[in-house]
Each structure stands twice: as structure tokens, then as C-alpha cells.
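*Asks:* Pasting in a structure now, in C-alpha cells, and then I'll have a few things to ask.
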Amino acid sequence: MSVSVDIRLRTGAFSLDASFQSDAGATAILGASGAGKTLTLRAIAGLQTPLEGKILQRGVTLYNSEQRIDLPARRRNVGYLFQDYALFPHLTVAENIAFGLKGREHAGQRESVSRMVDLLRLHGLEERHPEGLSGGERQRVALGRALAPHPDLLLLDEPFSALDAPTRDSLVEEFIALREAIDVPMILVTHDIGEAYALAEHLVVMGGGRVLQSGPKAEVFHQPASPDVARLVGVQNIFNDVRAGNPVVVGVRAADMLITSQREPNATLNQTIDRGTQLLGRFTTDHGDQIVAQLDRSRFADLIPSSRWLVEPRQGASLVWPALLGI
Amino acid sequence: MDWDALRISLQVAITSTVLATLVGVPFAWWLARANFRGRNVVSALILAPMVLPPTVLGYYLLLAVGRRSAIGGFLDSAFSFSFVFDWTGAVLAAFVVSTPFLVRTAQAGFESVDTVYEEAARTLGRSEISVFLHVALPLARRSVLAGVALALARALGEFGATLMVAGNLPGRTQTMSIAIYDAVLAGRTSDARVLALTLTFVSVGLLVAVGASAGAAGWRQRS
């Protein structure tokens, strides 16, 4: 078992009860803000002490309340990439990267720093202070600082959220390439399903301080265990329905909604949202449900509000949960 | 007039400030980061010497370290040492009076630094001492230096508590502040004038020097 977490933790009014295991090279913890993702990451790093539970990493116990084991953060050998990077403002780029190498001989430190500078393309920035760096450069320095001491586990807290969209896209690509070069198991926290899916093999979905679902990413993405998980993995349409006489909750992605005008219409178009890359239509069904559907631009050039359409899920694309799970 | 008073003043103020820095700065960091129930009470108690009249403090110090007290009696019998009527008594008085200024200023400085830097240092394998010396202290250095300057100024000017504990022995415990008082009382007005001007220059000069080093520390970061 690569990483195994089972902890109870309380800060102020918030209580966390997180339990998951992952063998994957990269695990993503996905959830909305306030779900307890960062708190879980902090507990793994030893920056927050749980009330009780266990944290194991490659068979090494980092925390075990029953055995009274609580390794201090400095002895967990875990690299942590903070959300705003937390680069030391009083140190240069080279000094920041070397910070975790204290106690090693000077030549070894210099070699490690220059390896990180090569790996993360930081040439020419070594003597600069973090103040003079762009967001992307800061992220790479922070990554270099976390990786230089050869951590057993890399923890990344919203690694791309502080960046603008173009920088983010190119860094996500770089990051995927980097993973092959460094071979460190990692856990990343994000609220973005696209980021989670692109970077990780294992998904842990959290909500309200609990783990809602944990599994291989394709399984979680295509078979969300509940409507709450479905929402977090990007299922836009969730509504009540009746199947075979039983009340159920149904989830359908916007891309899996079919729009036709031939047969008997069942919904009215409220508005269209043109996102440039995507054209979305917002409909109200005759049952009163709100439905978002992705529209084919070539077929639906001009859609008139209040026009009537037949809106139905593509065959086999509906996710169905028992009604007791609630919407 | 002789310059013993200036020498004693500098000796007392610098010794007191060095001690105040060694004890007060780590304590201020601990207080800024501590998270226990009585934290606010401790924070408030530290400031008590700032609001109590120095003579009152001096009186309490005499009670605490005088020859008839437990501590004073022990020091006297074991080491033949006493703070009373000794320059170390002046250091003790200056330390007690000036340290709260340092702790308060430094604590505010540490509190204004985001704890995330210290957390980063811990995840990078650094011990608490290293976190303090290499992260917390450099990031709060302006406030810390300001606190040191305040403590030094307060120690140089200390009068009431010093007089109560160390007395007024010329050449041994008579500091500048006390010498000025002594000169005025004895009607040596020109001595008083020279002493007052000297103390003014020394105090302001020290503050400027500390301010300049704080400025230099800040400049290094910006460059």
C-alpha cells in the first residue's frame, strides 16, 4: 500500500473524517472549497495533528494515535508545495532550493541545486529573489525546493490555482512530462476535475470533511457513487425521475444530452451560453427540471429563446442512483 | 567631571540589552506562535513592567533579590554575590524595565509574518531552532531590531528602579541618568548640562545606528 490515511481531526467548528488508500503514482484529492482537502494534506505532512487515526506511507507509520506515533514534519521526508508556494522572500532562488539540503556537504548541495535548475529550467534565475519572479517561475522554484531533498512523497496543494489560464495549461503539460523524470509518488489537491484527471491515476473525492468516493480515476469519473460526487466530476444535470416504477436520481453530462426538433418536444429553451469553444443551451423541461445541454454549433446556429425541443439523454449515458441518496 | 558615569551607563545598558535580546526575542516568537488558553494573560503580564512606576518595580526587585530574600540570601551565602549596590543590580533593573518593550515589538513583528514560511522550513527537515534562526528571525528582523533599539533606549534612560536596587555609588553604580540627578541636586549645573547633552547624543546616536542597520537589512532583501 503506497499511501493509507484514516484520520479524525477537528479545527474550530470543522471536523474531518478522512479515510482512503492509494497505490497510484499520483493521487488527486478533489473537492469544493471547505471539503477538507488541504487539511488532509496538512495532516499527512505533519503540519496538523489529528485527534486520532493512522497515516502510513510505503509501510512507514507517520502517525498512529494508538501506538502514540506522531513523526514531526521535519522527519517525515515529505515534499510540500504550498498553494502560494511560500518561497522564502529573504533568500535567493538557489538558496531556496538548497534550504532542505542542510547538513549535506557543500559540493553535494551545489550539485543538487544545479540538477533542479536544469530539471525545472531555472537557468539565470539562481541569484534572484522570489519577488522578481513570475508566477510560473515561482511554482517551479517551489517544486525544486520540495524535490531537492529527494522526498518519499510529494504533496501539492492547488498547484495551479495561483496561475493565469495560459500559464496553467502549459505548466500542467510540463508537470505531466516532469512526472516521468522524477518518479516520486504524489498527492495533489484540486477543485478542478480536468486537472485531477490529467495529473492523477487515482481520485479521492471529498465533501463536508468526508471522503465521498475513492478509486481509479476512470471508475470515479464514469461511475460516480452519488449525485454529490457526480457534480464534482462535472455532471451538470442531476434531476429526479422514475424508472421502472421506482423513484430515482438521474445524472447526465451536458455533452450527453441530445437535442432534436422532429418529435414531440418536452422542453423550452431559456437561453444559450456561448463560451467560444462550447455552445451550451439551458432548457426547462415540462417537469420543471433545469437542463444544460452542449449544442453542436453547426446544427444550431441560431436558437430562438422560448423555442420548443425534445431533450433526452443519449442511450446508456444516464447515471442512475436510488432516490434515497437525494439530489 | 569624570566619564565613569558614561562608561557605567553603556556597560549596564548594553549588557541588559544583550540579555533582553537573547531571552526576549525567542520568547516573543514563542508567544506569537503559541496556542494555549492563558496566552493572552501571559501577553498582558509581560507588559506589567511598562505600566508600573519604575520605583515600584525597584521596590519589588529589592524584595526579590535583597539580602534578606530567599534568592538574595542564597546568592550571598553560596557565591558572596549580591545585586544590591552592584552594577549587576543596575543591569537587573534595566533588564526588567526594558525587556517588555522588546518582547512587545518583536511579538507584533513575528505575528505579522505568515506561519506558512515556518511550516515550509519544517517540511524541509529543519529543527525548531533552525526555523527560528533562518526563517522567523530574518523575516521579522525589522520589528526585532526596532524592539532592540527601544529596549536599549529604555535601558540607557533607566533611573527609578536602578536607583532602588543599585543605589548611587559614583564610579560603581552611578549611571548617567543618576549622575545628572546628582549634579542638579548638588548645584553642579554645568556638569548636569554636559551629562544631559552627552546622554542625548549617545541615545540618539545608538537609535540612528540601529535604524540604519534595520534599513540596511531591508535593502538587502529588496536588491
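Ordered as shown in the C-alpha cells, chains take letters A, B, and onward, while each chain numbers its residues from 1 and ligands are numbered from 1 in the order shown.
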For Val311 (chain A), please output as a ChimeraX atom specification all residues within 9 Å (counting only C-alpha atoms; exclusion window: fewer than 2 positions along the same chain).

*Replies:* /A:257-261,265-267,283,285,291,293,309,313

*Asks:* With only C-alpha atoms as the counted atoms, please give the residues lying no more than 9 Å from Asp192 (chain A), apart from itself and same-chain residues fewer than 2 positions off, as a list in words.

*Replies:*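 Listing them by chain and then by number gives Leu30, Gly31, Ala32, Thr190, Gly194, Glu195, Ala196, Tyr197, Leu232 and Val233 of chain A.
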
*Asks:* Pick from B:Gly211, B:Gly160, B:Pro138, B:Gly187: nearest to chain A, with only C-alpha atoms counted?

*Replies:*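 Among the listed residues, the smallest separation from chain A belongs to B:Pro138.
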
*Asks:* Would you kindly report the residues of chain A within 9 Å of chain B, using only C-alpha atoms, as a ChimeraX atom specification?

*Replies:* /A:45-47,72-82,85-91,99-102,128-129,131,145-146,149

*Asks:* Taking the DSSP secondary structure from the backbone, can you list the residues of region 73-322 of chain A that are strand (DSSP E or B), as a ChimeraX atom specification?

*Replies:* /A:78-81,153-157,186-190,202-207,210-216,237-243,246-252,257-260,267-274,279-285,290-295,308-313,319-322

*Asks:* If we count only C-alpha atoms, what is near region 199-216 of chain A at a cut-off of 7 Å, once residues fewer than 3 positions away on the same chain are taken out, given as a list in words?

*Replies:*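 Those residues are Ser15, Leu16, Asp17, Ala18, Ser19, Phe20, Ser22, Ala24, Ala26, Thr27, Ala28, Ile29, Leu30, Gly31, Ala32, Gly34, Ala35, Gly36, Lys37, Ile176, Glu195, Ala196, Glu219, Val220, Ala225 and Val229 of chain A.
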
*Asks:* Could you give me, as a PDB file with N, CA and C atoms, in the first residue's frame, the residues within 8 Å of Val148 (chain B), counting only C-alpha atoms and dropping anything in the same chain fewer than 6 positions from it?

*Replies:*
ATOM      1  N   THR B  17      20.663  44.936  27.356  1.00  0.00           N
ATOM      2  CA  THR B  17      20.007  44.749  26.062  1.00  0.00           C
ATOM      3  C   THR B  17      20.411  43.427  25.422  1.00  0.00           C
ATOM      4  N   THR B  21      17.739  40.669  24.540  1.00  0.00           N
ATOM      5  CA  THR B  21      17.606  40.140  23.178  1.00  0.00           C
ATOM      6  C   THR B  21      17.649  38.610  23.199  1.00  0.00           C
ATOM      7  N   LEU B 102      10.888  45.278  24.134  1.00  0.00           N
ATOM      8  CA  LEU B 102      11.431  44.424  23.086  1.00  0.00           C
ATOM      9  C   LEU B 102      10.447  43.293  22.748  1.00  0.00           C
TER      10      LEU B 102
END

*Asks:* For Leu56 (chain A), which residue out of A:Leu153, A:Val141, A:Val113, A:Ile304 is the nearest one, using only C-alpha atoms?

*Replies:*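 Ranked by minimum distance to Leu56 (chain A), first place goes to A:Leu153.
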
*Asks:* Enter the distance from CA of Asp23 (chain A) to CA of Val3 (chain A), in Å, rounded to one decimal.

*Replies:* 6.5 Å

*Asks:* Between A:Pro322, A:Leu295, A:Thr92, A:Leu155, which residue has the minimum interatomic distance to Glu127 (chain A), considering only C-alpha atoms?

*Replies:* A:Thr92

*Asks:* Would you mind listing what lies within 10 Å of Ser43 (chain B) as a list in words, with only C-alpha atoms counted and same-chain residues fewer than 4 positions away left out?

*Replies:* Ala28, Leu31, Ala32, Gly38, Arg39, Leu47, Ala48, Pro100, Val103, Arg104 and Gln107 of chain B

*Asks:* Could you write out the selected residues, including N, CA and C atoms, as a PDB file, in the first residue's frame?

*Replies:*
ATOM      1  N   ALA B  28       9.415  36.071  22.463  1.00  0.00           N
ATOM      2  CA  ALA B  28       8.414  36.774  21.653  1.00  0.00           C
ATOM      3  C   ALA B  28       7.921  35.871  20.523  1.00  0.00           C
ATOM      4  N   LEU B  31       5.662  33.276  22.008  1.00  0.00           N
ATOM      5  CA  LEU B  31       4.387  33.889  22.373  1.00  0.00           C
ATOM      6  C   LEU B  31       3.533  34.157  21.130  1.00  0.00           C
ATOM      7  N   ALA B  32       4.195  34.560  20.030  1.00  0.00           N
ATOM      8  CA  ALA B  32       3.460  34.857  18.797  1.00  0.00           C
ATOM      9  C   ALA B  32       2.864  33.589  18.198  1.00  0.00           C
ATOM     10  N   GLY B  38      -3.999  30.331  28.273  1.00  0.00           N
ATOM     11  CA  GLY B  38      -3.593  31.514  29.026  1.00  0.00           C
ATOM     12  C   GLY B  38      -2.718  32.489  28.251  1.00  0.00           C
ATOM     13  N   ARG B  39      -2.660  32.308  26.914  1.00  0.00           N
ATOM     14  CA  ARG B  39      -1.760  33.107  26.110  1.00  0.00           C
ATOM     15  C   ARG B  39      -1.956  34.615  26.293  1.00  0.00           C
ATOM     16  N   LEU B  47       3.626  42.787  29.934  1.00  0.00           N
ATOM     17  CA  LEU B  47       3.620  44.234  29.768  1.00  0.00           C
ATOM     18  C   LEU B  47       3.539  44.974  31.094  1.00  0.00           C
ATOM     19  N   ALA B  48       3.319  44.251  32.205  1.00  0.00           N
ATOM     20  CA  ALA B  48       3.153  44.904  33.507  1.00  0.00           C
ATOM     21  C   ALA B  48       4.277  45.895  33.818  1.00  0.00           C
ATOM     22  N   PRO B 100      10.111  44.230  28.292  1.00  0.00           N
ATOM     23  CA  PRO B 100       8.755  44.237  27.738  1.00  0.00           C
ATOM     24  C   PRO B 100       8.631  45.020  26.429  1.00  0.00           C
ATOM     25  N   VAL B 103       9.934  42.631  23.791  1.00  0.00           N
ATOM     26  CA  VAL B 103       9.046  41.483  23.562  1.00  0.00           C
ATOM     27  C   VAL B 103       7.808  41.932  22.790  1.00  0.00           C
ATOM     28  N   ARG B 104       7.242  43.052  23.212  1.00  0.00           N
ATOM     29  CA  ARG B 104       6.019  43.517  22.588  1.00  0.00           C
ATOM     30  C   ARG B 104       6.227  43.829  21.102  1.00  0.00           C
ATOM     31  N   GLN B 107       7.151  40.588  19.173  1.00  0.00           N
ATOM     32  CA  GLN B 107       5.981  39.695  19.062  1.00  0.00           C
ATOM     33  C   GLN B 107       5.056  40.156  17.938  1.00  0.00           C
TER      34      GLN B 107
END

*Asks:* Between CA of Thr49 (chain A) and CA of Asp84 (chain A), what is the distance, to one decimal in Å?

*Replies:* 22.0 Å

*Asks:* Report, in Å with one decimal, the straight-line distance from CA of Arg179 (chain A) to CA of Gly132 (chain A).

*Replies:* 27.0 Å

*Asks:* Which residue out of B:Leu145, B:Leu45, B:Ala5, B:Ile71 has the minimum interatomic distance to Met176 (chain B) when only C-alpha atoms are used?

*Replies:*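 Distance minimum relative to Met176 (chain B) lands on B:Ala5.
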
*Asks:* Would you list the contacts of Asp118 (chain A) as an mmCIF file with N, CA and C atoms, in the first residue's frame, taking every protein, DNA or RNA residue within 12 Å and counting only C-alpha atoms, but skipping same-chain residues closer than 5 positions in sequence?

*Replies:*
data_model
loop_
_atom_site.group_PDB
_atom_site.id
_atom_site.type_symbol
_atom_site.label_atom_id
_atom_site.label_comp_id
_atom_site.auth_asym_id
_atom_site.auth_seq_id
_atom_site.Cartn_x
_atom_site.Cartn_y
_atom_site.Cartn_z
ATOM 1 N N GLU A 111 25.505 20.528 -6.399
ATOM 2 C CA GLU A 111 25.119 19.630 -7.484
ATOM 3 C C GLU A 111 23.603 19.447 -7.508
ATOM 4 N N SER A 112 23.000 19.258 -6.317
ATOM 5 C CA SER A 112 21.545 19.101 -6.245
ATOM 6 C C SER A 112 20.828 20.327 -6.773
ATOM 7 N N VAL A 113 21.330 21.509 -6.387
ATOM 8 C CA VAL A 113 20.696 22.748 -6.833
ATOM 9 C C VAL A 113 20.791 22.847 -8.352
ATOM 10 N N HIS A 123 17.529 28.368 -15.321
ATOM 11 C CA HIS A 123 18.831 28.952 -15.624
ATOM 12 C C HIS A 123 18.764 30.475 -15.614
ATOM 13 N N GLY A 124 19.750 31.082 -14.984
ATOM 14 C CA GLY A 124 19.831 32.550 -14.972
ATOM 15 C C GLY A 124 19.028 33.188 -13.856
ATOM 16 N N LEU A 125 18.230 32.379 -13.143
ATOM 17 C CA LEU A 125 17.411 32.944 -12.067
ATOM 18 C C LEU A 125 18.006 32.661 -10.690
ATOM 19 N N GLU A 126 19.128 31.930 -10.657
ATOM 20 C CA GLU A 126 19.661 31.423 -9.387
ATOM 21 C C GLU A 126 19.865 32.499 -8.332
ATOM 22 N N ARG A 140 7.894 26.744 -10.184
ATOM 23 C CA ARG A 140 8.979 25.811 -10.493
ATOM 24 C C ARG A 140 10.059 25.835 -9.409
ATOM 25 N N VAL A 141 10.331 27.042 -8.861
ATOM 26 C CA VAL A 141 11.315 27.121 -7.770
ATOM 27 C C VAL A 141 10.800 26.346 -6.557
ATOM 28 N N GLY A 144 11.225 22.771 -7.134
ATOM 29 C CA GLY A 144 12.633 22.420 -6.992
ATOM 30 C C GLY A 144 13.035 22.321 -5.534
ATOM 31 N N ALA A 148 14.343 18.757 -4.129
ATOM 32 C CA ALA A 148 15.799 18.651 -3.951
ATOM 33 C C ALA A 148 16.208 17.635 -2.875
ATOM 34 N N LEU A 178 7.271 16.099 -16.367
ATOM 35 C CA LEU A 178 8.165 16.052 -15.212
ATOM 36 C C LEU A 178 7.999 14.768 -14.414
ATOM 37 N N ALA A 181 10.290 12.139 -15.160
ATOM 38 C CA ALA A 181 11.685 12.382 -14.776
ATOM 39 C C ALA A 181 11.930 12.176 -13.293
#

*Asks:* List the neighbours of Phe101 (chain B) out to 8 Å using only C-alpha atoms; skip same-chain residues closer than 4 positions along the sequence, and give me the result as a compact mmCIF listing (two decimals) with C-alpha atoms, in the first residue's frame.

*Replies:*
# COMPACT_ATOMS: atom_id res chain seq x y z
CA LEU B 47 3.62 44.23 29.77
CA MET B 50 5.64 49.00 31.19
CA THR B 105 7.57 44.95 19.42
CA GLY B 147 12.45 46.29 19.67
CA LEU B 150 13.61 50.59 22.09
CA ALA B 151 14.97 48.34 24.83
